[in-house]
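Structure file upload08.cif with mmCIF, N, CA and C atoms:
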data_start
#
loop_
_atom_site.label_atom_id
_atom_site.label_comp_id
_atom_site.auth_asym_id
_atom_site.auth_seq_id
_atom_site.Cartn_x
_atom_site.Cartn_y
_atom_site.Cartn_z
N LEU A 1 -4.80 -0.61 -4.13
CA LEU A 1 -5.98 -1.29 -4.63
C LEU A 1 -5.66 -2.04 -5.91
N PHE A 2 -4.88 -1.42 -6.79
CA PHE A 2 -4.56 -2.10 -8.05
C PHE A 2 -3.82 -3.41 -7.80
N ASP A 3 -2.92 -3.44 -6.81
CA ASP A 3 -2.22 -4.69 -6.50
C ASP A 3 -3.18 -5.76 -5.99
N LEU A 4 -4.14 -5.36 -5.17
CA LEU A 4 -5.15 -6.31 -4.70
C LEU A 4 -5.99 -6.84 -5.86
N LEU A 5 -6.35 -5.96 -6.78
CA LEU A 5 -7.12 -6.38 -7.95
C LEU A 5 -6.32 -7.32 -8.84
N LYS A 6 -5.01 -7.06 -8.98
CA LYS A 6 -4.16 -7.96 -9.76
C LYS A 6 -4.17 -9.36 -9.17
N ILE A 7 -4.03 -9.46 -7.85
CA ILE A 7 -4.05 -10.77 -7.18
C ILE A 7 -5.42 -11.42 -7.39
N ASN A 8 -6.47 -10.65 -7.20
CA ASN A 8 -7.81 -11.18 -7.37
C ASN A 8 -8.03 -11.69 -8.79
N ASN A 9 -7.55 -10.97 -9.76
CA ASN A 9 -7.76 -11.32 -11.16
C ASN A 9 -6.85 -12.45 -11.64
N SER A 10 -5.88 -12.85 -10.82
CA SER A 10 -4.91 -13.86 -11.26
C SER A 10 -5.51 -15.26 -11.37
N LEU A 11 -6.60 -15.55 -10.67
CA LEU A 11 -7.28 -16.84 -10.76
C LEU A 11 -8.78 -16.61 -10.91
N ALA A 12 -9.39 -17.39 -11.78
CA ALA A 12 -10.82 -17.20 -12.09
C ALA A 12 -11.72 -17.33 -10.86
N GLY A 13 -11.38 -18.18 -9.91
CA GLY A 13 -12.25 -18.40 -8.77
C GLY A 13 -12.08 -17.43 -7.62
N ASN A 14 -11.13 -16.51 -7.74
CA ASN A 14 -10.88 -15.56 -6.65
C ASN A 14 -12.04 -14.59 -6.49
N GLN A 15 -12.27 -14.20 -5.24
CA GLN A 15 -13.23 -13.14 -4.94
C GLN A 15 -12.59 -12.22 -3.92
N LEU A 16 -12.64 -10.95 -4.16
CA LEU A 16 -12.08 -9.95 -3.26
C LEU A 16 -13.22 -9.26 -2.53
N VAL A 17 -13.13 -9.23 -1.20
CA VAL A 17 -14.13 -8.55 -0.38
C VAL A 17 -13.41 -7.45 0.39
N LEU A 18 -13.87 -6.23 0.23
CA LEU A 18 -13.28 -5.08 0.92
C LEU A 18 -14.34 -4.38 1.76
N THR A 19 -13.93 -3.84 2.87
CA THR A 19 -14.79 -2.93 3.61
C THR A 19 -14.01 -1.64 3.82
N THR A 20 -14.70 -0.53 3.69
CA THR A 20 -14.01 0.75 3.81
C THR A 20 -15.00 1.87 4.10
N HIS A 21 -14.47 2.93 4.64
CA HIS A 21 -15.21 4.18 4.76
C HIS A 21 -14.64 5.22 3.79
N SER A 22 -13.60 4.83 3.07
CA SER A 22 -12.86 5.76 2.24
C SER A 22 -13.47 5.95 0.85
N PRO A 23 -13.79 7.17 0.48
CA PRO A 23 -14.27 7.41 -0.88
C PRO A 23 -13.14 7.24 -1.90
N TYR A 24 -11.89 7.29 -1.45
CA TYR A 24 -10.77 7.13 -2.36
C TYR A 24 -10.72 5.71 -2.92
N VAL A 25 -11.07 4.72 -2.09
CA VAL A 25 -11.10 3.34 -2.56
C VAL A 25 -12.14 3.22 -3.67
N LEU A 26 -13.31 3.79 -3.46
CA LEU A 26 -14.35 3.76 -4.48
C LEU A 26 -13.90 4.50 -5.74
N ASN A 27 -13.18 5.58 -5.58
CA ASN A 27 -12.68 6.34 -6.73
C ASN A 27 -11.72 5.48 -7.56
N TYR A 28 -10.78 4.81 -6.90
CA TYR A 28 -9.83 3.96 -7.63
C TYR A 28 -10.51 2.73 -8.22
N LEU A 29 -11.51 2.21 -7.52
CA LEU A 29 -12.28 1.10 -8.05
C LEU A 29 -13.01 1.54 -9.33
N SER A 30 -13.52 2.75 -9.32
CA SER A 30 -14.17 3.30 -10.51
C SER A 30 -13.20 3.40 -11.67
N LEU A 31 -11.95 3.77 -11.39
CA LEU A 31 -10.94 3.83 -12.45
C LEU A 31 -10.69 2.44 -13.03
N ALA A 32 -10.60 1.44 -12.16
CA ALA A 32 -10.37 0.06 -12.62
C ALA A 32 -11.53 -0.44 -13.48
N VAL A 33 -12.74 -0.08 -13.11
CA VAL A 33 -13.93 -0.48 -13.88
C VAL A 33 -13.95 0.25 -15.22
N LYS A 34 -13.72 1.55 -15.21
CA LYS A 34 -13.72 2.33 -16.46
C LYS A 34 -12.67 1.78 -17.42
N ALA A 35 -11.48 1.49 -16.90
CA ALA A 35 -10.41 0.94 -17.74
C ALA A 35 -10.82 -0.42 -18.29
N GLY A 36 -11.43 -1.27 -17.45
CA GLY A 36 -11.87 -2.58 -17.91
C GLY A 36 -12.94 -2.48 -18.98
N ASN A 37 -13.87 -1.56 -18.80
CA ASN A 37 -14.93 -1.36 -19.80
C ASN A 37 -14.36 -0.86 -21.12
N LEU A 38 -13.40 0.06 -21.05
CA LEU A 38 -12.78 0.57 -22.28
C LEU A 38 -11.97 -0.52 -22.98
N SER A 39 -11.22 -1.29 -22.20
CA SER A 39 -10.41 -2.37 -22.79
C SER A 39 -11.29 -3.40 -23.47
N GLU A 40 -12.44 -3.66 -22.88
CA GLU A 40 -13.37 -4.63 -23.45
C GLU A 40 -13.94 -4.15 -24.78
N ARG A 41 -13.98 -2.84 -24.97
CA ARG A 41 -14.55 -2.27 -26.21
C ARG A 41 -13.59 -2.28 -27.37
N THR A 42 -12.29 -2.48 -27.11
CA THR A 42 -11.32 -2.40 -28.20
C THR A 42 -10.42 -3.62 -28.21
N GLY A 43 -9.96 -3.97 -29.38
CA GLY A 43 -8.95 -5.02 -29.52
C GLY A 43 -7.65 -4.41 -30.03
N ASP A 44 -7.67 -3.10 -30.22
CA ASP A 44 -6.52 -2.38 -30.77
C ASP A 44 -5.42 -2.26 -29.72
N VAL A 45 -4.26 -2.81 -30.01
CA VAL A 45 -3.14 -2.83 -29.06
C VAL A 45 -2.73 -1.42 -28.65
N LYS A 46 -2.79 -0.49 -29.57
CA LYS A 46 -2.43 0.90 -29.26
C LYS A 46 -3.30 1.44 -28.12
N TRP A 47 -4.62 1.24 -28.23
CA TRP A 47 -5.53 1.73 -27.20
C TRP A 47 -5.39 0.93 -25.91
N LEU A 48 -5.21 -0.37 -26.02
CA LEU A 48 -5.03 -1.20 -24.82
C LEU A 48 -3.80 -0.77 -24.04
N ASN A 49 -2.73 -0.44 -24.75
CA ASN A 49 -1.50 0.03 -24.08
C ASN A 49 -1.71 1.38 -23.41
N LYS A 50 -2.45 2.27 -24.06
CA LYS A 50 -2.73 3.58 -23.45
C LYS A 50 -3.54 3.42 -22.16
N ILE A 51 -4.53 2.55 -22.21
CA ILE A 51 -5.36 2.30 -21.03
C ILE A 51 -4.52 1.68 -19.92
N ALA A 52 -3.66 0.73 -20.28
CA ALA A 52 -2.84 0.01 -19.29
C ALA A 52 -1.80 0.92 -18.64
N ARG A 53 -1.43 2.01 -19.28
CA ARG A 53 -0.50 2.96 -18.65
C ARG A 53 -1.19 3.73 -17.52
N ILE A 54 -2.50 3.78 -17.55
CA ILE A 54 -3.27 4.45 -16.50
C ILE A 54 -3.68 3.44 -15.43
N VAL A 55 -4.25 2.33 -15.85
CA VAL A 55 -4.64 1.24 -14.94
C VAL A 55 -4.06 -0.04 -15.53
N PRO A 56 -3.16 -0.70 -14.81
CA PRO A 56 -2.55 -1.93 -15.34
C PRO A 56 -3.62 -2.93 -15.80
N ALA A 57 -3.37 -3.59 -16.92
CA ALA A 57 -4.35 -4.51 -17.49
C ALA A 57 -4.77 -5.57 -16.48
N GLU A 58 -3.84 -6.03 -15.65
CA GLU A 58 -4.13 -7.07 -14.67
C GLU A 58 -5.04 -6.59 -13.55
N ALA A 59 -5.19 -5.28 -13.39
CA ALA A 59 -6.01 -4.70 -12.32
C ALA A 59 -7.37 -4.22 -12.82
N GLN A 60 -7.61 -4.32 -14.11
CA GLN A 60 -8.87 -3.85 -14.66
C GLN A 60 -9.98 -4.85 -14.36
N ILE A 61 -11.18 -4.33 -14.15
CA ILE A 61 -12.33 -5.19 -13.90
C ILE A 61 -13.52 -4.73 -14.72
N ARG A 62 -14.45 -5.63 -14.92
CA ARG A 62 -15.66 -5.31 -15.67
C ARG A 62 -16.80 -5.00 -14.71
N THR A 63 -17.71 -4.19 -15.14
CA THR A 63 -18.87 -3.83 -14.33
C THR A 63 -19.61 -5.08 -13.84
N ASP A 64 -19.75 -6.07 -14.72
CA ASP A 64 -20.50 -7.28 -14.37
C ASP A 64 -19.82 -8.13 -13.31
N ASP A 65 -18.53 -7.90 -13.06
CA ASP A 65 -17.78 -8.68 -12.07
C ASP A 65 -17.69 -7.97 -10.73
N LEU A 66 -18.51 -6.95 -10.51
CA LEU A 66 -18.40 -6.12 -9.33
C LEU A 66 -19.76 -5.92 -8.67
N ALA A 67 -19.80 -6.03 -7.36
CA ALA A 67 -21.00 -5.68 -6.59
C ALA A 67 -20.54 -4.87 -5.39
N ILE A 68 -21.13 -3.71 -5.21
CA ILE A 68 -20.79 -2.85 -4.08
C ILE A 68 -22.05 -2.67 -3.24
N TYR A 69 -21.90 -2.92 -1.96
CA TYR A 69 -23.02 -2.78 -1.04
C TYR A 69 -22.74 -1.61 -0.10
N GLU A 70 -23.79 -0.91 0.23
CA GLU A 70 -23.68 0.26 1.09
C GLU A 70 -24.53 0.04 2.34
N LEU A 71 -23.96 0.35 3.48
CA LEU A 71 -24.66 0.24 4.75
C LEU A 71 -25.07 1.64 5.19
N SER A 72 -26.37 1.84 5.35
CA SER A 72 -26.86 3.17 5.74
C SER A 72 -26.71 3.36 7.25
N GLU A 73 -26.93 4.57 7.70
CA GLU A 73 -26.82 4.88 9.13
C GLU A 73 -27.83 4.12 9.97
N ASP A 74 -28.95 3.73 9.37
CA ASP A 74 -29.95 2.97 10.14
C ASP A 74 -29.79 1.46 9.98
N GLY A 75 -28.67 1.02 9.39
CA GLY A 75 -28.36 -0.40 9.30
C GLY A 75 -28.92 -1.10 8.08
N GLU A 76 -29.49 -0.37 7.16
CA GLU A 76 -30.04 -0.96 5.94
C GLU A 76 -28.94 -1.18 4.92
N ILE A 77 -28.90 -2.38 4.32
CA ILE A 77 -27.91 -2.71 3.30
C ILE A 77 -28.57 -2.64 1.94
N SER A 78 -27.91 -1.95 1.01
CA SER A 78 -28.43 -1.86 -0.35
C SER A 78 -27.27 -1.92 -1.35
N VAL A 79 -27.60 -2.35 -2.55
CA VAL A 79 -26.61 -2.40 -3.61
C VAL A 79 -26.39 -0.99 -4.12
N LEU A 80 -25.11 -0.60 -4.22
CA LEU A 80 -24.77 0.72 -4.75
C LEU A 80 -25.00 0.69 -6.25
N GLY A 81 -25.66 1.70 -6.75
CA GLY A 81 -25.95 1.76 -8.17
C GLY A 81 -24.72 2.11 -8.99
N ASN A 82 -24.91 2.18 -10.28
CA ASN A 82 -23.83 2.63 -11.15
C ASN A 82 -24.38 3.58 -12.19
N LEU A 83 -23.51 4.39 -12.68
CA LEU A 83 -23.86 5.37 -13.70
C LEU A 83 -22.95 5.09 -14.89
N TYR A 84 -23.54 4.70 -16.01
CA TYR A 84 -22.77 4.34 -17.20
C TYR A 84 -21.76 3.22 -16.90
N GLY A 85 -22.16 2.29 -16.04
CA GLY A 85 -21.30 1.16 -15.72
C GLY A 85 -20.26 1.42 -14.65
N ILE A 86 -20.22 2.63 -14.10
CA ILE A 86 -19.23 3.00 -13.10
C ILE A 86 -19.93 3.12 -11.75
N PRO A 87 -19.31 2.58 -10.66
CA PRO A 87 -19.94 2.72 -9.34
C PRO A 87 -20.28 4.18 -9.05
N ASP A 88 -21.47 4.41 -8.54
CA ASP A 88 -21.94 5.77 -8.31
C ASP A 88 -22.49 5.90 -6.89
N ASP A 89 -21.78 6.64 -6.07
CA ASP A 89 -22.23 6.92 -4.72
C ASP A 89 -22.50 8.42 -4.66
N ASP A 90 -23.76 8.78 -4.69
CA ASP A 90 -24.13 10.19 -4.79
C ASP A 90 -24.10 10.85 -3.41
N ASN A 91 -22.87 11.25 -3.00
CA ASN A 91 -22.78 12.02 -1.77
C ASN A 91 -21.83 13.19 -1.99
N TYR A 92 -21.82 14.11 -1.06
CA TYR A 92 -21.08 15.36 -1.24
C TYR A 92 -19.60 15.13 -1.51
N LEU A 93 -18.94 14.28 -0.70
CA LEU A 93 -17.49 14.09 -0.86
C LEU A 93 -17.16 13.49 -2.21
N ASN A 94 -17.90 12.48 -2.64
CA ASN A 94 -17.62 11.87 -3.94
C ASN A 94 -17.88 12.85 -5.07
N ASN A 95 -18.91 13.66 -4.95
CA ASN A 95 -19.17 14.68 -5.97
C ASN A 95 -18.03 15.69 -6.01
N ALA A 96 -17.52 16.07 -4.85
CA ALA A 96 -16.39 17.01 -4.78
C ALA A 96 -15.14 16.40 -5.41
N LEU A 97 -14.91 15.10 -5.16
CA LEU A 97 -13.77 14.43 -5.79
C LEU A 97 -13.92 14.44 -7.31
N GLY A 98 -15.14 14.18 -7.79
CA GLY A 98 -15.39 14.21 -9.23
C GLY A 98 -15.14 15.59 -9.81
N ASP A 99 -15.59 16.63 -9.12
CA ASP A 99 -15.34 18.00 -9.58
C ASP A 99 -13.85 18.29 -9.63
N ALA A 100 -13.12 17.88 -8.60
CA ALA A 100 -11.67 18.11 -8.56
C ALA A 100 -10.98 17.37 -9.70
N ASN A 101 -11.41 16.16 -10.00
CA ASN A 101 -10.83 15.40 -11.11
C ASN A 101 -11.07 16.10 -12.44
N GLU A 102 -12.27 16.63 -12.62
CA GLU A 102 -12.57 17.35 -13.86
C GLU A 102 -11.71 18.61 -13.99
N MET A 103 -11.54 19.34 -12.89
CA MET A 103 -10.71 20.54 -12.93
C MET A 103 -9.26 20.18 -13.24
N TYR A 104 -8.76 19.08 -12.65
CA TYR A 104 -7.39 18.64 -12.92
C TYR A 104 -7.23 18.26 -14.39
N ASP A 105 -8.23 17.58 -14.96
CA ASP A 105 -8.18 17.23 -16.38
C ASP A 105 -8.11 18.48 -17.25
N ARG A 106 -8.87 19.51 -16.88
CA ARG A 106 -8.85 20.75 -17.66
C ARG A 106 -7.47 21.42 -17.58
N LEU A 107 -6.86 21.38 -16.38
CA LEU A 107 -5.50 21.93 -16.24
C LEU A 107 -4.50 21.13 -17.07
N MET A 108 -4.67 19.82 -17.09
CA MET A 108 -3.77 18.99 -17.91
C MET A 108 -3.92 19.32 -19.38
N ASP A 109 -5.15 19.60 -19.85
CA ASP A 109 -5.36 20.00 -21.24
C ASP A 109 -4.65 21.32 -21.53
N ILE A 110 -4.68 22.25 -20.58
CA ILE A 110 -3.97 23.53 -20.75
C ILE A 110 -2.47 23.27 -20.82
N GLU A 111 -1.97 22.43 -19.94
CA GLU A 111 -0.53 22.11 -19.94
C GLU A 111 -0.12 21.50 -21.29
N ASP A 112 -0.96 20.59 -21.82
CA ASP A 112 -0.67 20.01 -23.12
C ASP A 112 -0.58 21.09 -24.20
N GLY A 113 -1.49 22.07 -24.13
CA GLY A 113 -1.47 23.16 -25.10
C GLY A 113 -0.23 24.05 -24.95
N LEU A 114 0.23 24.25 -23.73
CA LEU A 114 1.41 25.08 -23.51
C LEU A 114 2.69 24.39 -23.98
N CYS A 115 2.68 23.07 -23.97
CA CYS A 115 3.88 22.32 -24.33
C CYS A 115 4.01 22.11 -25.83
N ARG A 116 3.02 22.50 -26.58
CA ARG A 116 3.08 22.28 -28.05
C ARG A 116 3.82 23.37 -28.73
#

For this file, produce the structure as structure tokens.
Amino acid sequence: LFDLLKINNSLAGNQLVLTTHSPYVLNYLSLAVKAGNLSERTGDVKWLNKIARIVPAEAQIRTDDLAIYELSEDGEISVLGNLYGIPDDDNYLNNALGDANEMYDRLMDIEDGLCR
């Protein structure tokens, strides 16, 4: 996904259209948006470099440059909302992915403490 976003971001007139059933695509898209929002908040090269090590600067996107549509089981199309500027699809699998990410972050904090 990051490579596709890099290509999309390479020219101002580009538009990327994706269709998927995968919550992983939405998860990585959320990372690209979060990184773009954070980068937009700072001009400090130190912070920009830290963010770019997680999501390459060329693959970052802003909330305002993104629209996600959801097709319901009955064929209704609606715009997917966002929570704090991040795409938010409130379903069981995405919530489970979020919980797993939080647990992994907590384990990484423990690992950091063990390595000191």

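When only C-alpha atoms are used to compute distances to A:Glu70, the closest of the residues A:Arg106, A:Leu16, A:Pro23, A:Lys6 turns out to be A:Pro23.
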
Point-to-point distance from atom N of A:Gly98 to atom C of A:Thr20, Å rounded to tenths = 17.1 Å

Take atom C of A:Asp105 and atom C of A:Leu5 and report the distance between them in Å, one decimal.
->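 Computing the Euclidean distance for atom C of A:Asp105 and atom C of A:Leu5 yields 27.2 Å.
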
Give me, please, the distance in Å between atom N of A:Ser39 and atom CA of A:Ile51, quoted to one decimal.
->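 Separation of atom N of A:Ser39 and atom CA of A:Ile51: 7.0 Å.
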
Using only C-alpha atoms, find the one residue out of A:Asp112, A:Ala67, A:Glu73, A:Ala35 that sits nearest to A:Arg53.
->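 Distance minimum relative to A:Arg53 lands on A:Ala35.
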
Would you please extract all strand (DSSP E or B) residues from chain A, as assigned by DSSP on the backbone, and give them as a ChimeraX atom specification?
-> /A:69-71,77-79,82-83,86-87

Of the residues A:Arg41, A:Ser78, A:Leu31, A:Asp99, which is the one nearest to A:Val55, using only N, CA and C atoms?
->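 Of A:Arg41, A:Ser78, A:Leu31, A:Asp99, the one nearest A:Val55, counting only N, CA and C atoms, is A:Leu31.
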
Using only C-alpha atoms, which residue out of A:Ala100, A:Leu18, A:Arg62, A:Gly13 lies closest to A:Lys34?
->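 Closest to A:Lys34, using only C-alpha atoms: A:Arg62.
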
Give the alpha helix (DSSP H) residues of stretch 7-104 of chain A, as DSSP finds them on the backbone, and put them as a VMD selection string.
-> chain A and resid 7 to 9 23 to 41 45 to 54 92 to 104

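If you measure from each of A:Thr63, A:Glu58, A:Met103, A:Cys115 to A:Asn9 using all atoms listed in the file, the closest one turns out to be A:Glu58.
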
Centre and edges of the stretch 13-26 of chain A box, axis-aligned, 8 Å extra per side, as AutoDock Vina command-line options:
--center_x -13.0 --center_y -5.5 --center_z -2.6 --size_x 20.5 --size_y 41.8 --size_z 30.7
